[in-house]
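J.: This is the content of work07.pdb (PDB, C-alpha atoms and all ligand atoms):
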ATOM      1  CA  MET V 205      48.559  66.244  67.786
ATOM      2  CA  LEU V 206      51.700  64.939  66.142
ATOM      3  CA  ARG V 207      51.659  61.765  64.077
ATOM      4  CA  VAL V 208      54.939  59.896  63.686
ATOM      5  CA  VAL V 209      55.455  56.942  61.347
ATOM      6  CA  VAL V 210      58.518  54.724  61.571
ATOM      7  CA  LEU V 211      59.513  54.375  57.919
ATOM      8  CA  GLY V 212      62.511  52.211  58.754
ATOM      9  CA  ALA V 213      63.941  50.918  62.027
ATOM     10  CA  GLY V 214      67.112  49.274  60.666
ATOM     11  CA  ALA V 215      70.682  50.545  60.616
ATOM     12  CA  GLY V 216      72.829  50.995  57.514
ATOM     13  CA  GLY V 217      72.412  47.954  55.256
ATOM     14  CA  GLY V 218      68.973  47.139  56.670
ATOM     15  CA  VAL V 219      67.693  43.703  57.623
ATOM     16  CA  PRO V 220      68.592  41.560  55.783
ATOM     17  CA  GLN V 221      71.736  43.215  54.505
ATOM     18  CA  TRP V 222      72.511  42.290  50.895
ATOM     19  CA  ASN V 223      75.814  40.561  51.622
ATOM     20  CA  CYS V 224      75.185  39.198  55.119
ATOM     21  CA  GLY V 225      74.676  35.612  56.168
ATOM     22  CA  CYS V 226      74.343  36.196  59.921
ATOM     23  CA  ALA V 227      71.593  34.425  61.869
ATOM     24  CA  VAL V 228      69.202  37.395  61.789
ATOM     25  CA  CYS V 229      69.698  38.111  58.079
ATOM     26  CA  ARG V 230      69.243  34.436  57.138
ATOM     27  CA  LYS V 231      65.993  34.199  59.104
ATOM     28  CA  ALA V 232      64.776  37.522  57.705
ATOM     29  CA  ARG V 233      65.224  36.207  54.140
ATOM     30  CA  THR V 234      63.392  32.965  54.791
ATOM     31  CA  GLU V 235      61.085  31.840  57.591
ATOM     32  CA  GLN V 236      60.804  35.130  59.511
ATOM     33  CA  PRO V 237      60.049  37.989  57.100
ATOM     34  CA  GLU V 238      58.768  39.967  60.124
ATOM     35  CA  LEU V 239      62.422  40.528  61.031
ATOM     36  CA  ARG V 240      62.934  42.710  57.964
ATOM     37  CA  ARG V 241      63.675  46.362  58.566
ATOM     38  CA  THR V 242      64.498  49.103  56.077
ATOM     39  CA  GLN V 243      67.062  51.763  56.925
ATOM     40  CA  ALA V 244      66.314  54.283  59.647
ATOM     41  CA  SER V 245      63.910  57.122  58.971
ATOM     42  CA  ILE V 246      60.704  58.533  60.404
ATOM     43  CA  ALA V 247      57.976  60.792  59.029
ATOM     44  CA  VAL V 248      56.171  63.377  61.153
ATOM     45  CA  SER V 249      53.046  65.463  60.584
ATOM     46  CA  ALA V 250      50.890  67.857  62.577
ATOM     47  CA  ASP V 251      47.982  67.995  60.131
ATOM     48  CA  GLY V 252      48.053  64.521  58.557
ATOM     49  CA  ASP V 253      48.287  66.057  55.072
ATOM     50  CA  HIS V 254      51.850  67.387  55.051
ATOM     51  CA  TRP V 255      54.703  65.193  56.214
ATOM     52  CA  PHE V 256      58.355  65.814  57.002
ATOM     53  CA  LEU V 257      60.939  63.062  56.802
ATOM     54  CA  VAL V 258      63.781  62.790  59.257
ATOM     55  CA  ASN V 259      66.547  61.548  56.977
ATOM     56  CA  ALA V 260      66.127  60.090  53.496
ATOM     57  CA  SER V 261      67.355  56.515  53.551
ATOM     58  CA  PRO V 262      68.472  54.510  50.521
ATOM     59  CA  ASP V 263      65.195  52.566  51.025
ATOM     60  CA  LEU V 264      63.041  55.672  50.679
ATOM     61  CA  ARG V 265      61.285  54.581  47.493
ATOM     62  CA  GLN V 266      60.218  51.295  49.100
ATOM     63  CA  GLN V 267      59.209  53.144  52.286
ATOM     64  CA  LEU V 268      57.049  55.601  50.352
ATOM     65  CA  ILE V 269      55.267  52.743  48.577
ATOM     66  CA  ALA V 270      54.666  50.933  51.877
ATOM     67  CA  THR V 271      53.289  54.005  53.686
ATOM     68  CA  PRO V 272      49.765  55.077  52.639
ATOM     69  CA  GLN V 273      50.147  58.343  54.573
ATOM     70  CA  LEU V 274      52.808  59.360  52.041
ATOM     71  CA  HIS V 275      50.987  58.443  48.824
ATOM     72  CA  PRO V 276      49.975  61.169  46.336
ATOM     73  CA  ALA V 277      46.538  62.609  47.099
ATOM     74  CA  ARG V 278      43.670  61.024  45.181
ATOM     75  CA  GLY V 279      42.807  62.847  41.966
ATOM     76  CA  LYS V 280      46.136  64.629  41.559
ATOM     77  CA  LEU V 281      48.453  63.731  38.698
ATOM     78  CA  ARG V 282      51.595  64.972  40.422
ATOM     79  CA  HIS V 283      51.617  65.263  44.190
ATOM     80  CA  SER V 284      53.408  64.173  47.342
ATOM     81  CA  PRO V 285      52.504  64.807  50.988
ATOM     82  CA  VAL V 286      56.260  65.144  51.650
ATOM     83  CA  ALA V 287      56.977  68.815  52.341
ATOM     84  CA  GLY V 288      60.501  68.539  53.672
ATOM     85  CA  VAL V 289      63.421  66.400  54.799
ATOM     86  CA  ILE V 290      65.453  67.098  57.927
ATOM     87  CA  LEU V 291      68.930  65.582  57.802
ATOM     88  CA  THR V 292      70.667  64.626  61.053
ATOM     89  CA  ASN V 293      73.950  63.570  59.435
ATOM     90  CA  GLY V 294      75.620  63.019  56.078
ATOM     91  CA  GLU V 295      75.889  59.225  56.142
ATOM     92  CA  ILE V 296      74.756  57.267  53.085
ATOM     93  CA  ASP V 297      71.806  55.884  55.043
ATOM     94  CA  ALA V 298      70.605  59.421  55.817
ATOM     95  CA  VAL V 299      71.044  61.187  52.464
ATOM     96  CA  ALA V 300      71.020  58.665  49.601
ATOM     97  CA  GLY V 301      67.199  58.638  49.478
ATOM     98  CA  LEU V 302      67.252  62.266  48.337
ATOM     99  CA  LEU V 303      68.270  60.913  44.938
ATOM    100  CA  SER V 304      64.924  59.092  44.778
ATOM    101  CA  MET V 305      63.075  62.421  45.121
ATOM    102  CA  ARG V 306      64.358  63.888  41.865
ATOM    103  CA  GLU V 307      61.158  64.046  39.835
ATOM    104  CA  GLY V 308      60.385  67.708  40.313
ATOM    105  CA  TRP V 309      58.217  67.817  43.448
ATOM    106  CA  PRO V 310      59.151  70.884  45.532
ATOM    107  CA  PHE V 311      60.322  70.341  49.092
ATOM    108  CA  THR V 312      62.817  71.770  51.561
ATOM    109  CA  ILE V 313      65.987  70.119  52.847
ATOM    110  CA  TYR V 314      66.824  71.242  56.392
ATOM    111  CA  ALA V 315      70.395  70.433  57.408
ATOM    112  CA  HIS V 316      73.382  71.769  59.267
ATOM    113  CA  GLN V 317      75.913  73.625  57.135
ATOM    114  CA  ARG V 318      78.414  70.780  57.585
ATOM    115  CA  VAL V 319      75.992  68.325  56.020
ATOM    116  CA  LEU V 320      74.845  70.801  53.358
ATOM    117  CA  SER V 321      78.493  71.260  52.405
ATOM    118  CA  ILE V 322      78.692  67.534  51.665
ATOM    119  CA  LEU V 323      75.591  67.724  49.436
ATOM    120  CA  ASN V 324      76.890  70.893  47.776
ATOM    121  CA  SER V 325      80.275  69.331  47.032
ATOM    122  CA  ASN V 326      78.765  66.211  45.439
ATOM    123  CA  SER V 327      77.490  67.135  41.997
ATOM    124  CA  ILE V 328      75.123  64.148  41.856
ATOM    125  CA  PHE V 329      72.812  66.003  44.281
ATOM    126  CA  ASN V 330      72.439  68.798  41.697
ATOM    127  CA  VAL V 331      69.700  66.575  40.277
ATOM    128  CA  LEU V 332      67.581  68.245  42.974
ATOM    129  CA  SER V 333      67.360  71.648  41.299
ATOM    130  CA  GLU V 334      67.639  74.654  43.582
ATOM    131  CA  LYS V 335      64.461  75.931  41.941
ATOM    132  CA  ASN V 336      62.338  73.153  43.417
ATOM    133  CA  VAL V 337      64.351  71.957  46.357
ATOM    134  CA  ARG V 338      65.442  74.577  48.822
ATOM    135  CA  ARG V 339      68.431  73.791  51.034
ATOM    136  CA  GLN V 340      67.887  75.505  54.342
ATOM    137  CA  PRO V 341      70.753  75.672  56.845
ATOM    138  CA  ILE V 342      69.839  74.923  60.445
ATOM    139  CA  GLU V 343      71.880  75.924  63.483
ATOM    140  CA  LEU V 344      72.762  74.050  66.633
ATOM    141  CA  ASP V 345      70.579  75.002  69.601
ATOM    142  CA  GLN V 346      68.354  77.247  67.503
ATOM    143  CA  ALA V 347      64.766  76.092  67.299
ATOM    144  CA  PHE V 348      62.943  76.665  64.023
ATOM    145  CA  GLU V 349      59.488  75.909  62.710
ATOM    146  CA  LEU V 350      59.002  73.686  59.691
ATOM    147  CA  ALA V 351      57.219  75.366  56.774
ATOM    148  CA  LEU V 352      54.395  74.109  54.575
ATOM    149  CA  PRO V 353      54.793  74.417  50.783
ATOM    150  CA  ALA V 354      52.884  77.735  50.815
ATOM    151  CA  GLY V 355      55.393  79.088  53.311
ATOM    152  CA  THR V 356      53.012  78.996  56.263
ATOM    153  CA  PRO V 357      54.087  77.355  59.534
ATOM    154  CA  ALA V 358      53.545  73.603  59.813
ATOM    155  CA  GLY V 359      52.899  73.647  63.552
ATOM    156  CA  ILE V 360      56.051  71.643  64.234
ATOM    157  CA  GLU V 361      59.104  73.093  65.949
ATOM    158  CA  VAL V 362      62.513  71.451  65.596
ATOM    159  CA  LEU V 363      65.468  72.026  67.881
ATOM    160  CA  PRO V 364      68.741  70.567  66.551
ATOM    161  CA  PHE V 365      71.547  69.927  69.014
ATOM    162  CA  ALA V 366      74.965  68.307  68.865
ATOM    163  CA  VAL V 367      75.354  64.761  70.195
ATOM    164  CA  PRO V 368      78.548  62.748  70.685
ATOM    165  CA  GLY V 369      79.163  60.952  67.407
ATOM    166  CA  LYS V 370      81.344  60.726  64.320
ATOM    167  CA  GLY V 371      81.409  62.238  60.860
ATOM    168  CA  ALA V 372      80.376  60.269  57.803
ATOM    169  CA  TRP V 373      82.251  57.002  57.335
ATOM    170  CA  TYR V 374      83.201  57.757  53.712
ATOM    171  CA  LEU V 375      84.949  60.937  54.876
ATOM    172  CA  GLU V 376      87.171  59.130  57.395
ATOM    173  CA  GLY V 377      90.741  60.195  56.752
ATOM    174  CA  LYS V 378      89.555  62.609  54.040
ATOM    175  CA  ALA V 379      89.132  66.376  54.065
ATOM    176  CA  HIS V 380      85.652  67.415  55.190
ATOM    177  CA  PRO V 381      84.218  69.864  52.650
ATOM    178  CA  ALA V 382      83.258  72.153  55.556
ATOM    179  CA  GLY V 383      86.719  72.031  57.121
ATOM    180  CA  ALA V 384      88.122  70.048  60.002
ATOM    181  CA  ASP V 385      86.600  71.830  62.950
ATOM    182  CA  GLY V 386      83.138  72.261  64.248
ATOM    183  CA  GLU V 387      80.126  70.407  65.518
ATOM    184  CA  GLY V 388      77.088  69.595  63.437
ATOM    185  CA  ASP V 389      77.998  66.301  61.752
ATOM    186  CA  THR V 390      75.731  64.367  64.124
ATOM    187  CA  LEU V 391      72.535  66.004  65.319
ATOM    188  CA  GLY V 392      69.854  65.037  67.753
ATOM    189  CA  LEU V 393      66.436  66.590  67.234
ATOM    190  CA  ARG V 394      63.747  67.679  69.643
ATOM    191  CA  ILE V 395      60.487  67.792  67.700
ATOM    192  CA  THR V 396      57.582  69.645  69.298
ATOM    193  CA  ASP V 397      53.895  69.924  68.505
ATOM    194  CA  LYS V 398      53.338  73.670  68.731
ATOM    195  CA  ALA V 399      49.659  73.200  69.572
ATOM    196  CA  SER V 400      50.068  70.905  72.581
ATOM    197  CA  GLY V 401      53.686  71.543  73.566
ATOM    198  CA  LYS V 402      54.324  67.775  73.603
ATOM    199  CA  HIS V 403      57.683  66.762  72.199
ATOM    200  CA  PHE V 404      59.779  63.762  71.290
ATOM    201  CA  TYR V 405      63.439  63.196  70.494
ATOM    202  CA  PHE V 406      65.162  61.593  67.532
ATOM    203  CA  LEU V 407      68.728  60.371  68.080
ATOM    204  CA  ALA V 408      69.567  57.667  65.548
ATOM    205  CA  ALA V 409      73.278  58.103  66.194
ATOM    206  CA  CYS V 410      74.698  58.785  69.631
ATOM    207  CA  ALA V 411      78.009  57.577  71.021
ATOM    208  CA  ARG V 412      77.393  58.367  74.727
ATOM    209  CA  VAL V 413      74.642  59.394  77.085
ATOM    210  CA  THR V 414      76.092  62.395  78.897
ATOM    211  CA  ASP V 415      74.463  63.868  81.995
ATOM    212  CA  ASP V 416      73.443  66.850  79.859
ATOM    213  CA  LEU V 417      71.674  64.562  77.430
ATOM    214  CA  LYS V 418      69.896  62.751  80.272
ATOM    215  CA  ALA V 419      68.606  66.042  81.618
ATOM    216  CA  ARG V 420      67.436  67.024  78.154
ATOM    217  CA  LEU V 421      65.517  63.802  77.509
ATOM    218  CA  ALA V 422      63.671  63.773  80.840
ATOM    219  CA  GLY V 423      60.033  64.691  80.389
ATOM    220  CA  ALA V 424      59.785  63.766  76.691
ATOM    221  CA  SER V 425      56.612  62.084  75.436
ATOM    222  CA  ALA V 426      58.741  59.678  73.381
ATOM    223  CA  ILE V 427      62.278  59.049  72.212
ATOM    224  CA  PHE V 428      63.692  57.248  69.199
ATOM    225  CA  PHE V 429      67.181  56.278  70.283
ATOM    226  CA  ASP V 430      70.302  54.747  68.726
ATOM    227  CA  GLY V 431      69.851  50.959  68.890
ATOM    228  CA  THR V 432      72.660  49.952  66.537
ATOM    229  CA  VAL V 433      74.319  47.261  68.648
ATOM    230  CA  TRP V 434      73.443  45.254  71.748
ATOM    231  CA  ARG V 435      77.067  45.109  72.850
ATOM    232  CA  ASP V 436      80.044  47.144  71.725
ATOM    233  CA  ASP V 437      82.097  44.273  70.229
ATOM    234  CA  GLU V 438      79.126  42.532  68.653
ATOM    235  CA  LEU V 439      80.297  42.732  65.032
ATOM    236  CA  ILE V 440      83.754  41.460  65.945
ATOM    237  CA  ALA V 441      82.430  38.645  68.166
ATOM    238  CA  ALA V 442      80.117  37.473  65.380
ATOM    239  CA  GLY V 443      82.929  37.577  62.814
ATOM    240  CA  LEU V 444      81.042  40.192  60.787
ATOM    241  CA  GLY V 445      83.548  43.025  60.875
ATOM    242  CA  ASN V 446      86.359  44.737  62.725
ATOM    243  CA  LYS V 447      84.555  47.834  64.020
ATOM    244  CA  THR V 448      83.193  48.336  67.500
ATOM    245  CA  GLY V 449      79.981  50.243  68.128
ATOM    246  CA  GLN V 450      82.039  53.055  69.623
ATOM    247  CA  GLY V 451      84.330  52.986  66.587
ATOM    248  CA  MET V 452      81.246  53.734  64.474
ATOM    249  CA  GLY V 453      79.966  56.416  66.853
ATOM    250  CA  HIS V 454      77.204  54.275  68.364
ATOM    251  CA  ILE V 455      76.467  53.502  72.003
ATOM    252  CA  SER V 456      75.513  49.922  72.853
ATOM    253  CA  MET V 457      72.118  49.009  74.314
ATOM    254  CA  SER V 458      73.561  46.883  77.130
ATOM    255  CA  GLY V 459      76.276  47.425  79.734
ATOM    256  CA  ALA V 460      76.876  49.962  82.475
ATOM    257  CA  ASP V 461      77.460  52.741  79.924
ATOM    258  CA  GLY V 462      74.805  51.446  77.552
ATOM    259  CA  ALA V 463      71.594  53.232  76.618
ATOM    260  CA  ILE V 464      69.265  51.016  78.672
ATOM    261  CA  GLU V 465      71.194  51.572  81.900
ATOM    262  CA  ARG V 466      71.993  55.248  81.313
ATOM    263  CA  LEU V 467      68.397  56.151  80.475
ATOM    264  CA  ALA V 468      66.789  54.020  83.204
ATOM    265  CA  GLY V 469      64.460  55.784  85.606
ATOM    266  CA  LEU V 470      64.014  58.896  83.472
ATOM    267  CA  ASP V 471      60.499  60.233  83.009
ATOM    268  CA  ILE V 472      60.037  59.384  79.313
ATOM    269  CA  GLY V 473      56.665  58.385  77.885
ATOM    270  CA  ARG V 474      57.756  55.875  75.266
ATOM    271  CA  LYS V 475      61.256  54.572  74.676
ATOM    272  CA  MET V 476      61.911  53.108  71.236
ATOM    273  CA  PHE V 477      65.116  51.910  69.651
ATOM    274  CA  LEU V 478      65.806  52.862  66.056
ATOM    275  CA  HIS V 479      68.750  52.271  63.689
ATOM    276  CA  ILE V 480      69.001  48.634  64.809
ATOM    277  CA  ASN V 481      71.788  46.733  63.076
ATOM    278  CA  ASN V 482      71.109  43.276  61.661
ATOM    279  CA  SER V 483      73.770  41.857  63.995
ATOM    280  CA  ASN V 484      71.701  42.907  67.036
ATOM    281  CA  PRO V 485      69.990  39.909  68.694
ATOM    282  CA  VAL V 486      67.317  42.236  70.104
ATOM    283  CA  LEU V 487      65.609  41.898  66.709
ATOM    284  CA  LEU V 488      64.796  38.242  67.463
ATOM    285  CA  GLY V 489      61.426  38.174  69.215
ATOM    286  CA  ASP V 490      62.335  35.273  71.502
ATOM    287  CA  SER V 491      65.885  36.332  72.421
ATOM    288  CA  ASN V 492      67.019  37.073  75.971
ATOM    289  CA  GLU V 493      68.201  40.448  74.709
ATOM    290  CA  ARG V 494      64.694  41.332  73.460
ATOM    291  CA  LYS V 495      63.218  40.265  76.788
ATOM    292  CA  ALA V 496      65.755  42.356  78.704
ATOM    293  CA  ALA V 497      65.077  45.436  76.562
ATOM    294  CA  GLU V 498      61.318  45.062  76.944
ATOM    295  CA  ARG V 499      61.597  44.486  80.686
ATOM    296  CA  ALA V 500      63.462  47.801  80.850
ATOM    297  CA  GLY V 501      60.561  49.500  79.078
ATOM    298  CA  TRP V 502      61.975  49.696  75.547
ATOM    299  CA  GLN V 503      60.108  48.951  72.332
ATOM    300  CA  ILE V 504      61.647  47.485  69.184
ATOM    301  CA  PRO V 505      59.518  49.007  66.440
ATOM    302  CA  SER V 506      58.668  47.451  63.119
ATOM    303  CA  ASP V 507      58.610  49.465  59.913
ATOM    304  CA  GLY V 508      55.283  51.210  59.403
ATOM    305  CA  MET V 509      54.450  51.615  63.098
ATOM    306  CA  GLU V 510      52.601  54.884  63.779
ATOM    307  CA  ILE V 511      52.429  56.674  67.105
ATOM    308  CA  THR V 512      50.624  59.847  68.058
ATOM    309  CA  LEU V 513      51.476  62.348  70.749
TER     310      LEU V 513
HETATM  311 ZN    ZN V 601      73.328  40.173  59.070
END
Give the structure from the file, written as structure tokens.
T.:
Amino acid sequence: MLRVVVLGAGAGGGVPQWNCGCAVCRKARTEQPELRRTQASIAVSADGDHWFLVNASPDLRQQLIATPQLHPARGKLRHSPVAGVILTNGEIDAVAGLLSMREGWPFTIYAHQRVLSILNSNSIFNVLSEKNVRRQPIELDQAFELALPAGTPAGIEVLPFAVPGKGAWYLEGKAHPAGADGEGDTLGLRITDKASGKHFYFLAACARVTDDLKARLAGASAIFFDGTVWRDDELIAAGLGNKTGQGMGHISMSGADGAIERLAGLDIGRKMFLHINNSNPVLLGDSNERKAAERAGWQIPSDGMEITL
């Protein structure tokens, strides 16, 4: 059995975002604290004792405090159930939390060479000494099994694959430390329980649902899918910014090319949106957008939600 905890369901900036006065952020600060979401990350475990994070968000410290499954074991002076972190991209909201894991607990970082090259070229990440924190390259389309601290298999297989997306925002117009060419900046993950064969997908960033991707997702027990924006021009329409969803590498939920329509009718056990931006009206429990998403079989998770498969 796999256990999966949603550590954070929000997009970069979270809900509320520190400098945002939009309707959702205002409500989240005041009368509707249930709207709050930290930045996107999940934790997964096959044995309940050892956990692997998918991405380390800037809110990781807060997420670890809020998640009893990730507290140090009783009676141990120094301990963490966190055995590893799988990175799906090099954005701030996926890697900054690594800096909150600098107090000497050993764990493994699993990431594509393009993302590792970003960590390796930023000296601030040297705070995670190579002695304690192994950086393990992962390859596109090559499944691997996560390892427990003793080196034994964790019972969880991960298959990374390339999805349509963009490189990290802070590298736009700059030289990528791994060079200009190549896939691997945005990964989707298939995560499988070796014991049961059941699997789920994690795609917190995805610009398009291709036919290949549809075929891949069919038959999954669950998916966590890019829920950044409801509509592509949402930030512009709300006066919050000048970027479209597509411009940021994110598909919209609605519309003929949106995630809801493109993934309709597929045999998927549980469909959940993740990486939901604070501009997205789907966060509001009584909005038409929430009703439409739920009617189409999608869930809008709250932080801390646990599922098993
Ligand atoms: Zn906002």
J.: Could you tell me, as JSON, numbers by chain, which residues have any atom at most 10 Å from (63.2, 64.3, 66.6), counting only C-alpha atoms?
T.: {"V": [208, 246, 247, 248, 258, 290, 292, 361, 362, 363, 364, 391, 392, 393, 394, 395, 396, 403, 404, 405, 406, 407, 408, 426, 427, 428, 429]}
J.: Once you count all atoms listed in the file, which residues end up within 7 Å of ligand ZN 601 (chain V), and could you hand them over as a list in words?
T.: Val219, Pro220, Gln221, Cys224, Gly225, Cys226, Ala227, Val228, Cys229, Asn482 and Ser483 of chain V
J.: Just how far from atom CA of V:Ala315 is atom CA of V:Ser506, in Å to one decimal?
T.: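 So the answer is 26.4 Å.
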J.: Using all atoms listed in the file, which of the listed residues (V:Asp263, V:Asp461, V:Asp430, V:Asp507) sits closest to V:Leu302?
T.: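 Closest to V:Leu302 of all the choices is V:Asp263.
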J.: Once the PyMOL selection byres (((chain V and resi 456) around 10) and not hetatm) has been applied to the shown file, what residues remain in the selection, as an mmCIF file with C-alpha atoms, in the coordinates of the input?
T.:
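Listing of part20.cif after writing:
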data_model
loop_
_atom_site.group_PDB
_atom_site.id
_atom_site.type_symbol
_atom_site.label_atom_id
_atom_site.label_comp_id
_atom_site.auth_asym_id
_atom_site.auth_seq_id
_atom_site.Cartn_x
_atom_site.Cartn_y
_atom_site.Cartn_z
ATOM 1 C CA CYS V 410 74.698 58.785 69.631
ATOM 2 C CA ALA V 411 78.009 57.577 71.021
ATOM 3 C CA ARG V 412 77.393 58.367 74.727
ATOM 4 C CA ASP V 430 70.302 54.747 68.726
ATOM 5 C CA GLY V 431 69.851 50.959 68.890
ATOM 6 C CA THR V 432 72.660 49.952 66.537
ATOM 7 C CA VAL V 433 74.319 47.261 68.648
ATOM 8 C CA TRP V 434 73.443 45.254 71.748
ATOM 9 C CA ARG V 435 77.067 45.109 72.850
ATOM 10 C CA ASP V 436 80.044 47.144 71.725
ATOM 11 C CA ASP V 437 82.097 44.273 70.229
ATOM 12 C CA GLU V 438 79.126 42.532 68.653
ATOM 13 C CA THR V 448 83.193 48.336 67.500
ATOM 14 C CA GLY V 449 79.981 50.243 68.128
ATOM 15 C CA GLN V 450 82.039 53.055 69.623
ATOM 16 C CA GLY V 453 79.966 56.416 66.853
ATOM 17 C CA HIS V 454 77.204 54.275 68.364
ATOM 18 C CA ILE V 455 76.467 53.502 72.003
ATOM 19 C CA MET V 457 72.118 49.009 74.314
ATOM 20 C CA SER V 458 73.561 46.883 77.130
ATOM 21 C CA GLY V 459 76.276 47.425 79.734
ATOM 22 C CA ALA V 460 76.876 49.962 82.475
ATOM 23 C CA ASP V 461 77.460 52.741 79.924
ATOM 24 C CA GLY V 462 74.805 51.446 77.552
ATOM 25 C CA ALA V 463 71.594 53.232 76.618
ATOM 26 C CA ILE V 464 69.265 51.016 78.672
ATOM 27 C CA ASN V 484 71.701 42.907 67.036
#
J.: Taking the file above as input, evaluate the PyMOL selection byres (((chain V and resi 389) around 6) and not hetatm) and report the hits as a JSON list (two decimals) with C-alpha atoms, in the coordinates of the input.
T.:
[["chain", "number", "residue", "atom", "x", "y", "z"],
["V", 293, "ASN", "CA", 73.95, 63.57, 59.44],
["V", 371, "GLY", "CA", 81.41, 62.24, 60.86],
["V", 387, "GLU", "CA", 80.13, 70.41, 65.52],
["V", 388, "GLY", "CA", 77.09, 69.60, 63.44],
["V", 390, "THR", "CA", 75.73, 64.37, 64.12]]
J.: I need the residue nearest V:Phe477 from this list: V:Lys378, V:Arg282, V:Arg494, V:Arg265. Use only C-alpha atoms for the distance.
T.: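 The closest residue to V:Phe477 is V:Arg494.
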J.: Pick the closest to V:Leu332 from V:Gly443, V:Gly377, V:Gly359, V:Gly301: which is it, counting only C-alpha atoms?
T.: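 Residue with the minimum atom-to-atom distance to V:Leu332: V:Gly301.
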J.: Nearest to V:Val331 among V:Glu307, V:Leu268, V:Thr312, V:Asn492, with distances taken over all atoms listed in the file: which residue is it?
T.: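 Closest to V:Val331, using all atoms listed in the file: V:Glu307.
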J.: Could you tell me, as an MDAnalysis selection string, exactly which residues end up selected when the PyMOL selection byres (((chain V and resi 420-422) around 6) and not hetatm) is applied to this structure?
T.: chainID V and resid 417:419 423:424 470:472
J.: Find the residues near V:Pro353: any atom within 7 Å, counting only C-alpha atoms, skip ones fewer than 2 places away on the same chain, and give them as number ranges by chain.
T.: V: 287, 351, 355
J.: Go ahead and compute the interatomic distance for atom CA of V:Met305 and atom CA of V:Asp345, in Å to one decimal.
T.: 28.5 Å
J.: Contacts of V:Phe329 at 8 Å or less, counting all atoms listed in the file, minus same-chain residues fewer than 4 places along, as a ChimeraX atom specification?
T.: /V:302-303,323-324
J.: For C-alpha atoms, I'd like the residues from the last selection saved as a PDB file, keeping the file's coordinate frame.
T.:
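Here's the written file again-v4.pdb:
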ATOM      1  CA  LEU V 302      67.252  62.266  48.337  1.00  0.00           C
ATOM      2  CA  LEU V 303      68.270  60.913  44.938  1.00  0.00           C
ATOM      3  CA  LEU V 323      75.591  67.724  49.436  1.00  0.00           C
ATOM      4  CA  ASN V 324      76.890  70.893  47.776  1.00  0.00           C
TER       5      ASN V 324
END
J.: Suppose you want the space between atom CA of V:Leu444 and atom CA of V:Met476; what is it in Å?
T.: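 Pair atom CA of V:Leu444 / atom CA of V:Met476 returns 25.3 Å.
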J.: Pick out the closest residue to V:Ala384 from this set: V:Arg499, V:Arg233, V:Arg240, V:Arg318. Count all atoms listed in the file.
T.: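 Going through V:Arg499, V:Arg233, V:Arg240, V:Arg318 one by one, the smallest distance to V:Ala384 is for V:Arg318.
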J.: Of the candidates V:Asp397, V:Ala250, V:Ala277, V:Gly308, which shows the shortest atom-to-atom distance to V:Val209, using all atoms listed in the file?
T.: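 Selected residue with least distance to V:Val209: V:Ala250.
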J.: Applying 12 Å and only C-alpha atoms, which residues near V:Lys495 remain after dropping the ones on its own chain fewer than 6 positions away? List them as a ChimeraX atom specification.
T.: /V:485-489,501-504
J.: Quick one: 5 Å padding each side, axis-aligned, all listed atoms of stretch 328-340 of chain V - centre and edge lengths in Å to one decimal, as JSON?
T.:
{"center_x": 68.7, "center_y": 70.0, "center_z": 47.3, "size_x": 22.8, "size_y": 21.8, "size_z": 24.1}
J.: Using only C-alpha atoms, what residues lie at most 10 Å away from (65.5, 73.1, 50.3) (file coordinates), given as a CSV table (one decimal) with C-alpha atoms, in the frame of the given file?
T.:
chain,number,residue,atom,x,y,z
V,287,ALA,CA,57.0,68.8,52.3
V,288,GLY,CA,60.5,68.5,53.7
V,289,VAL,CA,63.4,66.4,54.8
V,290,ILE,CA,65.5,67.1,57.9
V,310,PRO,CA,59.2,70.9,45.5
V,311,PHE,CA,60.3,70.3,49.1
V,312,THR,CA,62.8,71.8,51.6
V,313,ILE,CA,66.0,70.1,52.8
V,314,TYR,CA,66.8,71.2,56.4
V,315,ALA,CA,70.4,70.4,57.4
V,332,LEU,CA,67.6,68.2,43.0
V,333,SER,CA,67.4,71.6,41.3
V,334,GLU,CA,67.6,74.7,43.6
V,335,LYS,CA,64.5,75.9,41.9
V,336,ASN,CA,62.3,73.2,43.4
V,337,VAL,CA,64.4,72.0,46.4
V,338,ARG,CA,65.4,74.6,48.8
V,339,ARG,CA,68.4,73.8,51.0
V,340,GLN,CA,67.9,75.5,54.3
V,341,PRO,CA,70.8,75.7,56.8
J.: Can you pull out the residues contacting V:Leu513? Cut-off 7 Å, using only C-alpha atoms, and skip same-chain residues under 5 positions away; I want them as a list in words.
T.: Met205, Leu206, Arg207, Lys402 and Ser425 of chain V
